[in-house]
Each structure stands twice: as structure tokens, then as C-alpha cells.
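J.: Before I ask anything, let me first share the structure, which is written out below as C-alpha cells.
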Amino acid sequence: MKCVCQTLMMGIFPKMPSGIMMPVSKTTTASLLTRHTRIAALLLAATLAACATPGTRPAQDEGAAHQTVSEAVSRNDCAAARDAVAAMAQAFPDARRLPDARLEAAYACLRSGDAASAEALSSGFLDKHPGHPSTDYGRYLHGLAAYAAWKRLPPTTPVELREGHLREVFGRFRTLMLEHPDTQYGDDVRPLLMDLREGLARIELEAIRRDLDAGRHGAVIPRARYVVNHYPSTESAPYALAALVSAHRARNEDQAARTTLMRLESDWPDHPVLQTLQ
């Protein structure tokens with residue numbers, strides 16, 4: 001089975017709701033592969049350096065202020081778009097297009113690689129414009145910004161920080177899906193949720209392996225059961241079952257070991273982990 005995160009790194013830009021300027025043309029291909037191809041390119045871009053910043057010219061009215069934002073977005077100039085939004089908010093705090101400007105700038109920042117600015121802009125949208133018709137899009141960008149930051153965490157990041165960040169991202173996407181079950185971004189979010197579940201299961205599996213190595217078999221059993229019950233379709237599930245078998249054997253719980261092994265053989269008959277239990 002191909003890992004979800006590998007599939008995602010083939011590519012993707014988020015769709016923008018009507019009424020919000022989109023700096024790239026829409027594709028005519030509506031296939032799931034094309035949609036996933038657009039998302040991962042955006043997330044891959046968020047792992048790269050952010051763009052340079054030309055100055056933001058002053059605007060005489062709110063229409064001109066929004067035009068300044070839109071021009072920066074069309075250039076994929078995150079910093080200029082961010083600065084233009086700040087200037088617009090200061091000069092015209094009640095501007096009708098200010099919510100759209102924040103979303104447009106967040107999109108540009110995420111696309112150009114500045115996940116931190118995308119995070120700040122999408123957070124500002126959600127905080128300052130509750131009940132806006134594009135709230136689902138704001139939550140989508142808010143989640144993508146955190147997802148991109150999670151993907152950039154170095155392998156040496158302490159497990160507590162990795163797990164906390166993972167759960168934060170998962171919570172953002174889950175809130176989107178619960179509050180907006182019919183959102184047009186659902187098909188984009190679901191594979192990301194799968195990838196996040198894989199990440200959470202891997203963190204649990206790391207702890208299971210540490211407990212096994214240290215001979216803490218009593219601690220292995222509840223944690224491995226948690227993985228099997230809460231993440232049954234992840235790549236970590238068969239390893240958690242194998243850990244359960246090993247823990248039960250170490251505790252001379254032969255019947256439980258046999259039952260668990262039978263389940264592993266039934267659910268994952270060709271998995272290489274079975275060879276470690278012979």
C-alpha cells in the first residue's frame with residue numbers, strides 16, 4: 001500500500017471560493033489525482049524559502065487598497081500582500097472586501113512558501129470575521145498552514161512537540177469537516193486527515209518500540225491496543241499487533257498471544273512482520 005504522504009507530494013493548490021481573486025487559472029480536469037497533485041505542490045512550496053518584498057504603495061480608497069492586495073497576490077508576493085492587507089485594515093477597518101483580502105493574501109503566502117504568514121492571515125480572518133460565507137475556506141487555509149509547518153518539522157523534534165503539532169492540525173481539519181460537512185474542500189482534506197492519522201499512529205508505535213526494548217511489556221499492551229482500535233487501517237496497525245503478540249508471550253499469556261497472532265495473520269496475511277514472530 002502506497003503511503004498517503006508520498007501520494008500527496010505529487011502536488012496541489014487549494015480551490016478558492018467565488019468572489020475571491022484566484023491568481024492561477026482553474027484546471028478543467030476534475031479527477032481526484034489532479035486535485036491531489038495541486039495540493040501537494042502547494043504544501044511542498046511551503047517547505048521552501050518565502051518570496052522577496054517590494055514596497056506597498058498607499059491607497060486612496062478601499063477599492064484601491066484591495067486592488068493593491070490583489071496585485072501582490074497575482075505576483076505570488078506574500079510579503080507585499082501581507083503588508084497591503086495590514087495597510088488596508090488600518091486605513092479601512094470596516095472595508096467590505098477586507099475579509100476577502102485576508103484570504104487572498106493567506107493563499108498567496110501558503111503558495112509561495114511562507115506558512116507562518118499564511119497562519120497569521122487565516123487566523124486573523126477567522127478571529128475578525130466570524131460567520132463569513134467563506135469561513136470554510138478560511139478554516140481550510142488555516143489547516144493547510146499548520147499541516148505545511150508540521151511537514152517541515154526536523155526529525156530531531158521532540159516527540160511531545162511533534163504529537164502536539166499533529167493533534168493541532170488534525171483538530172483544525174476536523175473542525176472544518178464538522179462545522180461544514182458539505183464543504184467543497186472535503187475531498188482535499190480527507191487524504192490529509194489520513195496522513196495525519198498515520199503520523200499519530202507512528203508516534204504511538206515509537207513509544208511501543210521503546211517499551212518493548214526496555215522490557216516494559218505491561219505498558220506495551222494498552223498502547224498497542226490503542227493503535228489497533230483507533231488506527232486500524234494505518235501502516236502501524238500490523239506492527240502494533242505484532243508488539244501485542246510479543247508482549248503477551250513475554251508475560252506467558254499464551255492464549256492472548258495466539259488470538260492476537262491469528263488476527264494478524266487474518267488481517268495482514270502477507271505482511272513481513274509475521275516473519276519476526278516465527
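Chain labels A, B, ... are given in the sequence in which chains occur in the C-alpha cells; within each chain residues are numbered consecutively from 1, and ligands are likewise numbered from 1 in the order shown.
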Can you tell me which residues surround Lys128 (chain A) at a distance of at most 12 Å, considering only C-alpha atoms, apart from same-chain residues fewer than 6 positions away, and format the answer as a VMD selection string?

T.: chain A and resid 89 93 to 94 98 to 100 102 120 to 122 135 138

J.: Go ahead and save the residues from that selection, with N, CA and C atoms, as a PDB file, in the first residue's frame.

T.:
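What landed in again_35.pdb:
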ATOM      1  N   ALA A  89      -6.341  47.203   6.478  1.00  0.00           N
ATOM      2  CA  ALA A  89      -7.032  47.056   7.757  1.00  0.00           C
ATOM      3  C   ALA A  89      -6.892  48.302   8.619  1.00  0.00           C
ATOM      4  N   PRO A  93     -10.801  49.776   8.292  1.00  0.00           N
ATOM      5  CA  PRO A  93     -11.067  48.586   9.117  1.00  0.00           C
ATOM      6  C   PRO A  93     -12.423  47.939   8.864  1.00  0.00           C
ATOM      7  N   ASP A  94     -13.370  48.689   8.287  1.00  0.00           N
ATOM      8  CA  ASP A  94     -14.699  48.142   8.017  1.00  0.00           C
ATOM      9  C   ASP A  94     -14.920  47.880   6.528  1.00  0.00           C
ATOM     10  N   LEU A  98     -12.267  43.478   2.960  1.00  0.00           N
ATOM     11  CA  LEU A  98     -11.141  43.140   3.838  1.00  0.00           C
ATOM     12  C   LEU A  98     -11.074  41.644   4.155  1.00  0.00           C
ATOM     13  N   PRO A  99     -12.218  40.977   4.450  1.00  0.00           N
ATOM     14  CA  PRO A  99     -12.122  39.521   4.670  1.00  0.00           C
ATOM     15  C   PRO A  99     -11.550  38.781   3.463  1.00  0.00           C
ATOM     16  N   ASP A 100     -12.026  39.162   2.260  1.00  0.00           N
ATOM     17  CA  ASP A 100     -11.503  38.516   1.050  1.00  0.00           C
ATOM     18  C   ASP A 100     -10.012  38.783   0.887  1.00  0.00           C
ATOM     19  N   ARG A 102      -7.813  39.238   3.181  1.00  0.00           N
ATOM     20  CA  ARG A 102      -7.046  38.381   4.110  1.00  0.00           C
ATOM     21  C   ARG A 102      -6.918  36.962   3.555  1.00  0.00           C
ATOM     22  N   ALA A 120      -0.946  33.390  10.169  1.00  0.00           N
ATOM     23  CA  ALA A 120      -1.382  34.632  10.802  1.00  0.00           C
ATOM     24  C   ALA A 120      -2.569  35.243  10.062  1.00  0.00           C
ATOM     25  N   LEU A 121      -2.530  35.230   8.744  1.00  0.00           N
ATOM     26  CA  LEU A 121      -3.603  35.829   7.954  1.00  0.00           C
ATOM     27  C   LEU A 121      -4.899  35.040   8.069  1.00  0.00           C
ATOM     28  N   SER A 122      -4.818  33.721   8.001  1.00  0.00           N
ATOM     29  CA  SER A 122      -6.033  32.910   8.125  1.00  0.00           C
ATOM     30  C   SER A 122      -6.587  32.972   9.543  1.00  0.00           C
ATOM     31  N   THR A 135     -16.065  31.083   5.539  1.00  0.00           N
ATOM     32  CA  THR A 135     -15.409  30.559   6.734  1.00  0.00           C
ATOM     33  C   THR A 135     -14.789  29.188   6.487  1.00  0.00           C
ATOM     34  N   GLY A 138     -11.514  29.707   4.948  1.00  0.00           N
ATOM     35  CA  GLY A 138     -10.568  30.196   5.944  1.00  0.00           C
ATOM     36  C   GLY A 138     -10.044  29.070   6.815  1.00  0.00           C
TER      37      GLY A 138
END

J.: Write out as number ranges by chain the residues lying within 6 Å of region 223-235 of chain A, counting only C-alpha atoms and excluding same-chain residues fewer than 3 positions away.

T.: A: 198, 220, 240

J.: In terms of the shortest atom-to-atom distance over only C-alpha atoms, which of A:Glu104, A:Gln278, A:Pro272, A:Tyr147 is closest to Arg258 (chain A)?

T.: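 Among the listed residues, the smallest separation from Arg258 (chain A) belongs to A:Gln278.
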
J.: Report the distance between CA of Met88 (chain A) and CA of His180 (chain A) in Å, rounded to one decimal place.

T.: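 Atom-to-atom, CA of Met88 (chain A) and CA of His180 (chain A) are spaced 29.1 Å apart.
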
J.: Return the single residue from A:Leu161, A:Leu176, A:Ala84, A:Met262 that is closest to Leu126 (chain A), with distances computed using only C-alpha atoms.

T.: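 Using only C-alpha atoms, Leu126 (chain A) sits closest to A:Leu176.
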
J.: Identify which of the residues A:Glu179, A:Ser236, A:Gly215, A:Pro154 lies closest to Arg197 (chain A), counting only C-alpha atoms when measuring atom-to-atom distances.

T.: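 For Arg197 (chain A), the nearest of the candidates is A:Ser236.
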
J.: Out of region 168-238 of chain A, which residues get helix (DSSP H, G or I) from DSSP, as a ChimeraX atom specification?

T.: /A:168-179,186-213,217-230,237-238

J.: Rounded to one decimal, what separation in Å do you get between CA of Gly143 (chain A) and CA of Ala86 (chain A)?

T.: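 Separation of CA of Gly143 (chain A) and CA of Ala86 (chain A): 21.8 Å.
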
J.: Might you pull out every residue within 9 Å of Leu212 (chain A), with only C-alpha atoms counted and same-chain residues fewer than 6 positions away left off, and present them as an mmCIF file with C-alpha atoms, in the first residue's frame?

T.:
data_model
loop_
_atom_site.group_PDB
_atom_site.id
_atom_site.type_symbol
_atom_site.label_atom_id
_atom_site.label_comp_id
_atom_site.auth_asym_id
_atom_site.auth_seq_id
_atom_site.Cartn_x
_atom_site.Cartn_y
_atom_site.Cartn_z
ATOM 1 C CA ALA A 219 2.948 -0.838 29.153
ATOM 2 C CA VAL A 220 3.057 -2.198 25.606
ATOM 3 C CA ALA A 243 4.037 -5.963 19.503
ATOM 4 C CA SER A 246 5.458 -10.297 21.713
ATOM 5 C CA ALA A 247 4.243 -8.685 24.927
#
